[in-house]
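Colleague: For reference, this is entry08.cif, and it has mmCIF, C-alpha atoms and all ligand atoms.
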data_run
#
loop_
_atom_site.label_atom_id
_atom_site.label_comp_id
_atom_site.auth_asym_id
_atom_site.auth_seq_id
_atom_site.Cartn_x
_atom_site.Cartn_y
_atom_site.Cartn_z
CA MET A 60 99.24 91.62 109.89
CA SER A 61 96.20 89.85 111.18
CA PHE A 62 93.14 91.65 112.48
CA ASN A 63 94.51 91.27 116.02
CA GLU A 64 97.48 93.43 115.13
CA ILE A 65 95.35 96.41 114.13
CA ILE A 66 95.18 98.88 116.99
CA GLY A 67 91.67 99.77 118.19
CA GLN A 68 88.72 99.74 115.71
CA ILE A 69 87.03 96.90 117.57
CA GLU A 70 83.65 97.45 115.87
CA VAL A 71 85.19 97.54 112.39
CA LYS A 72 87.15 94.35 112.93
CA LYS A 73 84.10 92.57 114.31
CA LEU A 74 82.03 93.59 111.32
CA LEU A 75 84.61 92.55 108.72
CA LYS A 76 85.28 89.22 110.41
CA LYS A 77 81.55 88.57 110.52
CA SER A 78 81.18 89.16 106.79
CA LEU A 79 84.16 86.85 106.14
CA LYS A 80 82.56 84.14 108.29
CA LYS A 81 79.21 84.46 106.60
CA GLY A 82 80.84 84.61 103.20
CA ARG A 83 78.96 87.82 102.55
CA ILE A 84 81.59 90.16 101.28
CA ALA A 85 80.26 93.31 99.63
CA SER A 86 81.39 94.30 96.17
CA ALA A 87 82.28 97.79 97.39
CA TYR A 88 83.22 99.30 100.74
CA LEU A 89 83.90 102.82 101.86
CA PHE A 90 86.28 103.02 104.80
CA SER A 91 85.84 106.54 106.12
CA GLY A 92 87.18 108.30 109.19
CA PRO A 93 89.97 110.57 110.38
CA GLU A 94 93.56 110.37 109.14
CA GLY A 95 95.97 107.92 110.69
CA VAL A 96 93.54 105.60 112.46
CA GLY A 97 94.12 102.44 110.43
CA LYS A 98 91.94 102.61 107.30
CA THR A 99 94.74 101.70 104.89
CA THR A 100 96.14 98.98 107.15
CA THR A 101 92.70 97.47 107.59
CA SER A 102 91.98 97.52 103.86
CA LEU A 103 95.19 95.61 103.14
CA ASN A 104 94.47 93.19 105.90
CA PHE A 105 90.95 92.60 104.64
CA ALA A 106 92.33 91.89 101.17
CA LYS A 107 94.70 89.38 102.74
CA ALA A 108 91.97 87.75 104.81
CA MET A 109 89.74 87.31 101.74
CA ASN A 110 92.51 85.34 100.07
CA CYS A 111 94.49 83.75 102.89
CA LYS A 112 95.27 80.10 102.39
CA LEU A 113 96.07 79.36 106.04
CA TYR A 114 93.37 81.11 108.02
CA GLN A 115 89.70 80.94 107.24
CA PHE A 116 88.50 84.28 108.54
CA ASP A 117 91.72 86.16 109.11
CA SER A 118 95.13 86.54 107.51
CA CYS A 119 98.68 85.51 108.26
CA SER A 120 100.47 87.64 110.81
CA LYS A 121 102.91 90.31 109.70
CA ASP A 122 105.48 89.04 112.16
CA ILE A 123 108.65 88.38 110.13
CA SER A 124 109.36 85.09 111.85
CA GLY A 125 105.82 83.79 111.39
CA VAL A 126 104.72 81.31 108.73
CA LYS A 127 102.93 82.95 105.83
CA CYS A 128 100.89 81.68 102.96
CA PRO A 129 101.99 82.73 99.46
CA SER A 130 98.94 84.95 99.00
CA CYS A 131 99.51 86.99 102.17
CA LYS A 132 103.22 87.20 101.35
CA LYS A 133 102.46 88.65 97.92
CA ILE A 134 99.94 91.17 99.21
CA GLU A 135 102.33 92.31 101.93
CA THR A 136 105.09 92.90 99.41
CA PHE A 137 102.63 94.56 97.00
CA SER A 138 103.30 92.03 94.31
CA HIS A 139 99.96 90.21 94.12
CA PRO A 140 98.63 90.36 90.55
CA ASP A 141 95.00 90.54 91.69
CA VAL A 142 95.33 93.16 94.40
CA LYS A 143 95.55 96.59 92.88
CA ILE A 144 96.29 99.62 95.04
CA VAL A 145 95.71 103.11 93.70
CA PHE A 146 96.41 106.41 95.45
CA PRO A 147 97.17 109.98 94.40
CA VAL A 148 100.63 110.41 92.84
CA PRO A 149 102.25 112.85 90.40
CA LYS A 150 101.65 112.05 86.72
CA LYS A 151 105.23 110.88 86.20
CA ILE A 152 105.03 108.22 88.92
CA ARG A 153 101.73 106.98 87.49
CA GLU A 154 103.02 106.83 83.95
CA GLU A 155 106.20 105.03 84.95
CA ASN A 156 104.17 102.62 87.06
CA LYS A 157 106.20 103.41 90.15
CA ARG A 158 103.48 103.37 92.79
CA ASN A 159 104.91 100.14 94.17
CA GLU A 160 108.09 101.90 95.21
CA LEU A 161 106.08 104.33 97.33
CA LEU A 162 104.05 101.46 98.75
CA ARG A 163 107.18 99.63 99.84
CA GLU A 164 108.58 102.78 101.43
CA GLY A 165 105.31 103.30 103.31
CA LYS A 166 104.73 106.64 101.56
CA ILE A 167 101.17 105.99 100.46
CA HIS A 168 99.80 109.31 101.64
CA LYS A 169 102.74 111.42 100.49
CA TYR A 170 100.79 113.17 97.73
CA LYS A 171 97.28 113.06 99.12
CA LYS A 172 96.98 116.82 99.46
CA THR A 173 98.65 117.84 96.24
CA GLU A 174 97.91 115.23 93.60
CA ILE A 175 94.82 113.56 92.20
CA ILE A 176 93.67 110.10 91.19
CA SER A 177 93.25 110.63 87.47
CA ILE A 178 90.68 109.33 85.04
CA ASP A 179 93.49 107.28 83.46
CA ASP A 180 93.87 105.48 86.78
CA ILE A 181 90.20 104.59 86.69
CA ARG A 182 90.46 103.45 83.07
CA ASP A 183 93.38 101.21 84.05
CA ILE A 184 91.27 99.68 86.81
CA GLU A 185 88.38 99.21 84.40
CA LYS A 186 90.65 97.45 81.92
CA SER A 187 92.16 95.13 84.52
CA LEU A 188 88.68 94.17 85.73
CA LEU A 189 87.75 92.93 82.28
CA MET A 190 90.18 90.06 82.71
CA LYS A 191 89.70 87.08 84.96
CA PRO A 192 91.64 87.08 88.24
CA PHE A 193 95.04 85.42 87.85
CA GLU A 194 95.13 83.47 91.09
CA ALA A 195 93.04 85.17 93.76
CA LYS A 196 89.90 83.75 95.30
CA ARG A 197 88.66 87.28 95.37
CA ARG A 198 90.20 90.14 93.46
CA VAL A 199 90.61 93.39 95.42
CA VAL A 200 90.99 96.97 94.25
CA ILE A 201 91.92 99.45 96.97
CA ILE A 202 91.55 103.14 96.21
CA ILE A 203 93.27 105.06 98.95
CA ASP A 204 92.28 108.69 99.60
CA ALA A 205 89.47 108.16 97.10
CA ASP A 206 88.28 111.76 97.45
CA ALA A 207 91.35 112.66 95.38
CA MET A 208 89.32 111.55 92.34
CA LYS A 209 88.04 114.65 90.57
CA HIS A 210 84.57 114.75 88.98
CA GLU A 211 85.68 113.19 85.70
CA ALA A 212 87.34 110.28 87.50
CA GLN A 213 84.42 109.84 89.88
CA ASN A 214 82.02 109.65 86.95
CA ALA A 215 84.10 106.95 85.33
CA PHE A 216 84.41 105.13 88.64
CA LEU A 217 80.66 105.24 89.18
CA LYS A 218 80.22 103.22 85.99
CA ILE A 219 82.40 100.45 87.44
CA LEU A 220 80.31 100.43 90.60
CA GLU A 221 77.08 100.26 88.64
CA GLU A 222 78.11 96.95 87.14
CA PRO A 223 80.29 95.39 89.81
CA PRO A 224 82.56 92.68 88.36
CA GLN A 225 82.23 89.20 89.81
CA ASP A 226 84.45 87.92 92.61
CA THR A 227 85.81 91.40 93.11
CA THR A 228 85.77 93.77 96.05
CA ILE A 229 86.57 97.43 95.75
CA ILE A 230 87.60 99.27 98.90
CA LEU A 231 87.66 103.05 99.01
CA THR A 232 89.34 104.81 101.91
CA SER A 233 88.83 108.47 102.67
CA SER A 234 89.21 110.97 105.47
CA HIS A 235 87.11 113.44 103.45
CA ALA A 236 84.25 111.28 102.21
CA GLU A 237 82.12 114.39 101.72
CA GLY A 238 84.26 114.91 98.60
CA LEU A 239 82.77 111.79 96.99
CA PHE A 240 79.59 111.71 94.89
CA SER A 241 76.61 110.60 96.95
CA THR A 242 75.87 108.13 94.15
CA ILE A 243 79.25 106.50 94.83
CA VAL A 244 78.80 106.49 98.60
CA SER A 245 75.34 104.94 98.35
CA ARG A 246 76.71 102.00 96.35
CA CYS A 247 79.30 101.16 98.99
CA GLN A 248 78.92 99.50 102.32
CA LYS A 249 80.03 102.27 104.63
CA ILE A 250 82.44 101.38 107.43
CA THR A 251 83.25 104.17 109.85
CA PHE A 252 86.61 104.30 111.56
CA LYS A 253 86.90 106.18 114.82
CA ARG A 254 89.70 108.04 116.48
CA LEU A 255 91.44 105.82 119.00
CA SER A 256 90.12 106.17 122.52
CA LYS A 257 92.49 107.48 125.13
CA THR A 258 92.75 104.00 126.65
CA GLU A 259 93.65 102.44 123.29
CA MET A 260 96.21 105.16 122.63
CA LYS A 261 97.63 104.81 126.14
CA ASN A 262 98.05 101.06 125.71
CA PHE A 263 99.74 101.57 122.38
CA LEU A 264 102.11 104.19 123.80
CA SER A 265 102.90 102.22 126.95
CA GLU A 266 104.10 99.34 124.81
CA LYS A 267 106.55 101.67 123.12
CA GLY A 268 108.40 102.07 126.44
CA GLU A 269 110.64 104.90 127.60
CA LEU A 270 107.80 107.41 127.93
CA THR A 271 106.88 108.98 131.26
CA ASP A 272 103.20 109.10 132.30
CA GLU A 273 103.16 112.82 131.68
CA GLU A 274 104.54 112.37 128.17
CA ILE A 275 101.95 109.71 127.42
CA GLU A 276 99.19 112.08 128.56
CA LEU A 277 100.50 114.84 126.35
CA ILE A 278 100.85 112.66 123.27
CA CYS A 279 97.33 111.30 123.83
CA LEU A 280 96.09 114.84 123.86
CA LEU A 281 98.00 116.16 120.88
CA SER A 282 97.65 113.15 118.62
CA GLY A 283 93.87 113.51 118.54
CA GLY A 284 93.39 109.74 118.56
CA SER A 285 95.52 109.25 115.45
CA ILE A 286 98.27 106.62 115.47
CA LYS A 287 100.00 108.39 112.65
CA ASN A 288 100.20 111.60 114.67
CA ALA A 289 101.34 109.79 117.80
CA MET A 290 104.13 108.01 115.92
CA GLU A 291 105.58 111.33 114.87
CA PHE A 292 106.07 112.29 118.49
CA LEU A 293 107.94 109.17 119.40
CA ASP A 294 111.34 109.90 117.93
CA GLU A 295 113.99 112.13 119.42
CA GLU A 296 112.89 115.07 117.29
CA GLY A 297 109.35 114.56 118.56
CA ARG A 298 110.47 115.26 122.10
CA GLY A 299 111.17 118.91 121.32
CA GLU A 300 107.94 119.20 119.37
CA ARG A 301 105.89 117.89 122.25
CA GLN A 302 107.26 120.64 124.45
CA LEU A 303 106.69 123.24 121.78
CA LEU A 304 103.08 122.27 121.19
CA LYS A 305 102.40 122.23 124.90
CA THR A 306 103.65 125.80 125.18
CA ILE A 307 101.65 126.95 122.17
CA THR A 308 98.37 125.37 123.16
CA THR A 309 98.36 125.87 126.90
CA LYS A 310 100.10 129.20 127.19
CA LYS A 311 99.09 130.69 123.85
CA ASP A 312 102.72 131.41 123.29
CA TYR A 313 103.07 131.67 119.54
CA ASP A 314 106.58 133.20 119.57
CA LYS A 315 107.90 129.69 119.23
CA LEU A 316 106.33 129.35 115.81
CA LYS A 317 108.88 131.77 114.48
CA GLU A 318 111.59 129.25 115.18
CA ILE A 319 110.30 126.74 112.64
CA TYR A 320 111.58 127.52 109.22
CA ASP A 321 111.68 124.19 107.47
CA LYS A 322 108.81 122.93 105.38
CA GLU A 323 108.36 119.54 106.99
CA GLY A 324 108.60 120.84 110.54
CA LEU A 325 106.00 123.48 109.90
CA GLU A 326 103.64 121.09 108.17
CA LYS A 327 103.89 118.71 111.07
CA ILE A 328 103.17 121.38 113.67
CA ILE A 329 100.16 122.65 111.73
CA ASN A 330 98.84 119.13 111.40
CA PHE A 331 98.80 118.91 115.16
CA LEU A 332 97.42 122.35 115.82
CA LEU A 333 94.56 122.03 113.38
CA PRO A 334 92.64 119.15 115.03
CA PHE A 335 93.29 120.72 118.39
CA PHE A 336 91.70 124.02 117.37
CA ARG A 337 88.87 122.24 115.58
CA ASP A 338 88.06 120.42 118.80
CA ILE A 339 87.99 123.66 120.77
CA GLN A 340 85.73 125.08 118.07
CA ILE A 341 83.32 122.20 118.61
CA ALA A 342 83.53 122.65 122.39
CA ARG A 343 82.47 126.28 122.02
CA THR A 344 79.37 125.42 120.05
CA GLY A 345 78.41 122.97 122.76
CA GLU A 346 78.27 120.08 120.32
CA LYS A 347 79.56 116.67 121.18
CA LEU A 348 83.33 116.44 120.87
CA ILE A 349 84.81 114.09 118.29
CA ASN A 350 87.23 112.95 120.89
CA ALA A 351 85.18 112.61 124.03
CA ASP A 352 88.15 111.47 126.07
CA MET A 353 89.72 114.89 125.78
CA LYS A 354 86.59 116.62 127.02
CA ASP A 355 87.97 117.87 130.33
CA TYR A 356 91.09 119.34 128.84
CA ILE A 357 89.38 120.90 125.83
CA HIS A 358 86.73 122.47 128.04
CA SER A 359 89.38 123.88 130.34
CA VAL A 360 91.08 125.75 127.50
CA HIS A 361 88.24 126.66 125.18
CA THR A 362 87.21 129.75 127.15
CA LYS A 363 90.61 131.24 126.41
CA TYR A 364 89.60 131.67 122.79
CA SER A 365 86.81 133.76 121.28
CA ARG A 366 84.69 132.27 118.51
CA GLU A 367 86.09 134.64 115.87
CA GLU A 368 89.60 133.91 117.01
CA LEU A 369 89.02 130.19 116.62
CA ASN A 370 87.37 130.43 113.21
CA GLU A 371 90.15 132.62 111.97
CA THR A 372 92.86 130.40 113.39
CA VAL A 373 91.41 127.24 111.84
CA GLU A 374 91.00 128.95 108.49
CA LEU A 375 94.52 130.32 108.65
CA LEU A 376 96.04 126.95 109.49
CA GLU A 377 94.11 125.27 106.67
CA LYS A 378 95.33 127.88 104.23
CA SER A 379 98.88 127.52 105.50
CA LEU A 380 98.85 123.81 104.72
CA ILE A 381 97.81 124.58 101.15
CA ASN A 382 100.53 127.22 100.89
CA ILE A 383 103.13 124.77 102.13
CA SER A 384 102.13 122.32 99.42
CA ARG A 385 102.48 125.15 96.91
CA ASN A 386 106.06 125.59 98.01
CA ILE A 387 105.62 129.03 99.49
CA SER A 388 108.49 129.81 101.83
CA PRO A 389 107.89 128.24 105.26
CA GLU A 390 109.48 131.28 106.85
CA LEU A 391 106.86 133.51 105.27
CA ILE A 392 104.03 131.18 106.26
CA SER A 393 105.10 130.91 109.89
CA ASN A 394 105.46 134.67 110.09
CA VAL A 395 101.97 135.16 108.69
CA ILE A 396 100.51 132.68 111.18
CA PHE A 397 102.39 134.34 113.98
CA ASP A 398 101.29 137.85 113.08
CA ARG A 399 97.67 136.92 112.51
CA ILE A 400 97.32 134.91 115.67
CA LYS A 401 99.03 137.64 117.66
CA GLU A 402 96.62 140.16 116.20
CA THR A 403 93.55 138.28 117.34
CA ASN A 404 94.86 137.89 120.87
ZN ZN B 501 97.73 83.99 104.63
#
Would you write the structure of this file as structure tokens?
Ligand SMILES: [Zn+2]

Modeller:
Amino acid sequence: MSFNEIIGQIEVKKLLKKSLKKGRIASAYLFSGPEGVGKTTTSLNFAKAMNCKLYQFDSCSKDISGVKCPSCKKIETFSHPDVKIVFPVPKKIREENKRNELLREGKIHKYKKTEIISIDDIRDIEKSLLMKPFEAKRRVVIIIDADAMKHEAQNAFLKILEEPPQDTTIILTSSHAEGLFSTIVSRCQKITFKRLSKTEMKNFLSEKGELTDEEIELICLLSGGSIKNAMEFLDEEGRGERQLLKTITTKKDYDKLKEIYDKEGLEKIINFLLPFFRDIQIARTGEKLINADMKDYIHSVHTKYSREELNETVELLEKSLINISRNISPELISNVIFDRIKETN
């Protein structure tokens, strides 16, 4: 994956390339922005670019047939000794050192809502930083979903930041950076990732083929500028979901919710509904929308909802996500959502 292969984020890529060219790489970065817009991908690519042996200010392409330098190859397969990647996982996975398996399966964010990054993780990082890099030009530590560090871990991490080790860059990624100590944030160079614009999303979806213009429009709308969200609509199963979400959001027909009884299905639907309702909430207050491209549509539907109704719906959906992670029966959750939303209508 070279910078060219990252979708959107033109400003971010420009900035990172510039610091590579000038040889001015910060000792700590905070990549913040919404979920599923490329923060993790960019952090890995930046780590590759800092160490690439073939390209000066970029990295080898991810294309399987392409020629790759040994450094990029190792980072891509998560086997580089000087590139450490930490993210929230259950204690057992941490203790058995099995994060790499999740990395290879692409399940980096699997536990972001339920697990933490523990103080032991930070101590491990601290220990590894005491040694000299094995082979890298620049050692990289990537802490994904860094807000999953609780106070104790953040305190320990702050100490690392206060005395940044030489030839090392630490990258934090977070879609909830408000959960990080301000003392941590202020020691990082902050890089803000944006939701993809409608044009960027449209280009991405058009390349996927087999989608009608109407389907592309709908996915653009429901994905809220997140590649991760859009991808979930692209499979066969996603086809039915697209229709379902259209009915729910445009016709306020919540009966359909009752038909979803499995945990994953429900979680997925809520993850789409939540940003949608948050956007309408913003539209009602007259503030600038996060996703300006969706302005016309959001404004056309926002009058259908009262302020109380919106606040309650957002709160309810947020709570439902927590309840899903606590293994409360999806059937019960969808019934509660259904009843409550019905009530407010
Ligand atoms: Zn390379």

Colleague: Using atom CA of Leu264 of chain A and atom CA of Val71 of chain A as the two end points, give the distance in Å to one decimal.

Modeller: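 Computed distance, atom CA of Leu264 of chain A to atom CA of Val71 of chain A, equals 21.5 Å.
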
Colleague: Name the residues, by chain letter and number, that sit within 10 Å of ligand ZN 501 (chain B) using all atoms listed in the file, and give them as a compact mmCIF listing (two decimals) with C-alpha atoms, in the coordinates of the input.

Modeller:
# COMPACT_ATOMS: atom_id res chain seq x y z
CA MET A 60 99.24 91.62 109.89
CA SER A 61 96.20 89.85 111.18
CA ASN A 104 94.47 93.19 105.90
CA LYS A 107 94.70 89.38 102.74
CA ALA A 108 91.97 87.75 104.81
CA MET A 109 89.74 87.31 101.74
CA ASN A 110 92.51 85.34 100.07
CA CYS A 111 94.49 83.75 102.89
CA LYS A 112 95.27 80.10 102.39
CA LEU A 113 96.07 79.36 106.04
CA TYR A 114 93.37 81.11 108.02
CA GLN A 115 89.70 80.94 107.24
CA ASP A 117 91.72 86.16 109.11
CA SER A 118 95.13 86.54 107.51
CA CYS A 119 98.68 85.51 108.26
CA SER A 120 100.47 87.64 110.81
CA LYS A 121 102.91 90.31 109.70
CA VAL A 126 104.72 81.31 108.73
CA LYS A 127 102.93 82.95 105.83
CA CYS A 128 100.89 81.68 102.96
CA PRO A 129 101.99 82.73 99.46
CA SER A 130 98.94 84.95 99.00
CA CYS A 131 99.51 86.99 102.17
CA LYS A 132 103.22 87.20 101.35
CA LYS A 133 102.46 88.65 97.92
CA ILE A 134 99.94 91.17 99.21
CA GLU A 135 102.33 92.31 101.93

Colleague: So, counting all atoms listed in the file, which residue among A:Leu375, A:Leu161, A:Ala205, A:Ile339 is closest to Asp180 of chain A?

Modeller: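 Looking at the shortest contact to Asp180 of chain A, the residue is A:Ala205.
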
Colleague: What lies within 6 Å of segment 320-330 of chain A using only C-alpha atoms, ignoring chain neighbours under 3 positions off, as a ChimeraX atom specification?

Modeller: /A:333,389-390

Colleague: Restricting the output to C-alpha atoms, write the selected residues as a PDB file, in the coordinates of the input.

Modeller:
ATOM      1  CA  LEU A 333      94.560 122.030 113.380  1.00  0.00           C
ATOM      2  CA  PRO A 389     107.890 128.240 105.260  1.00  0.00           C
ATOM      3  CA  GLU A 390     109.480 131.280 106.850  1.00  0.00           C
TER       4      GLU A 390
END

Colleague: So the first atom is atom CA of Cys247 of chain A and the second is atom CA of Gly165 of chain A; what is the distance between them in Å, to one decimal place?

Modeller: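 Between these atoms lies a distance of 26.5 Å.
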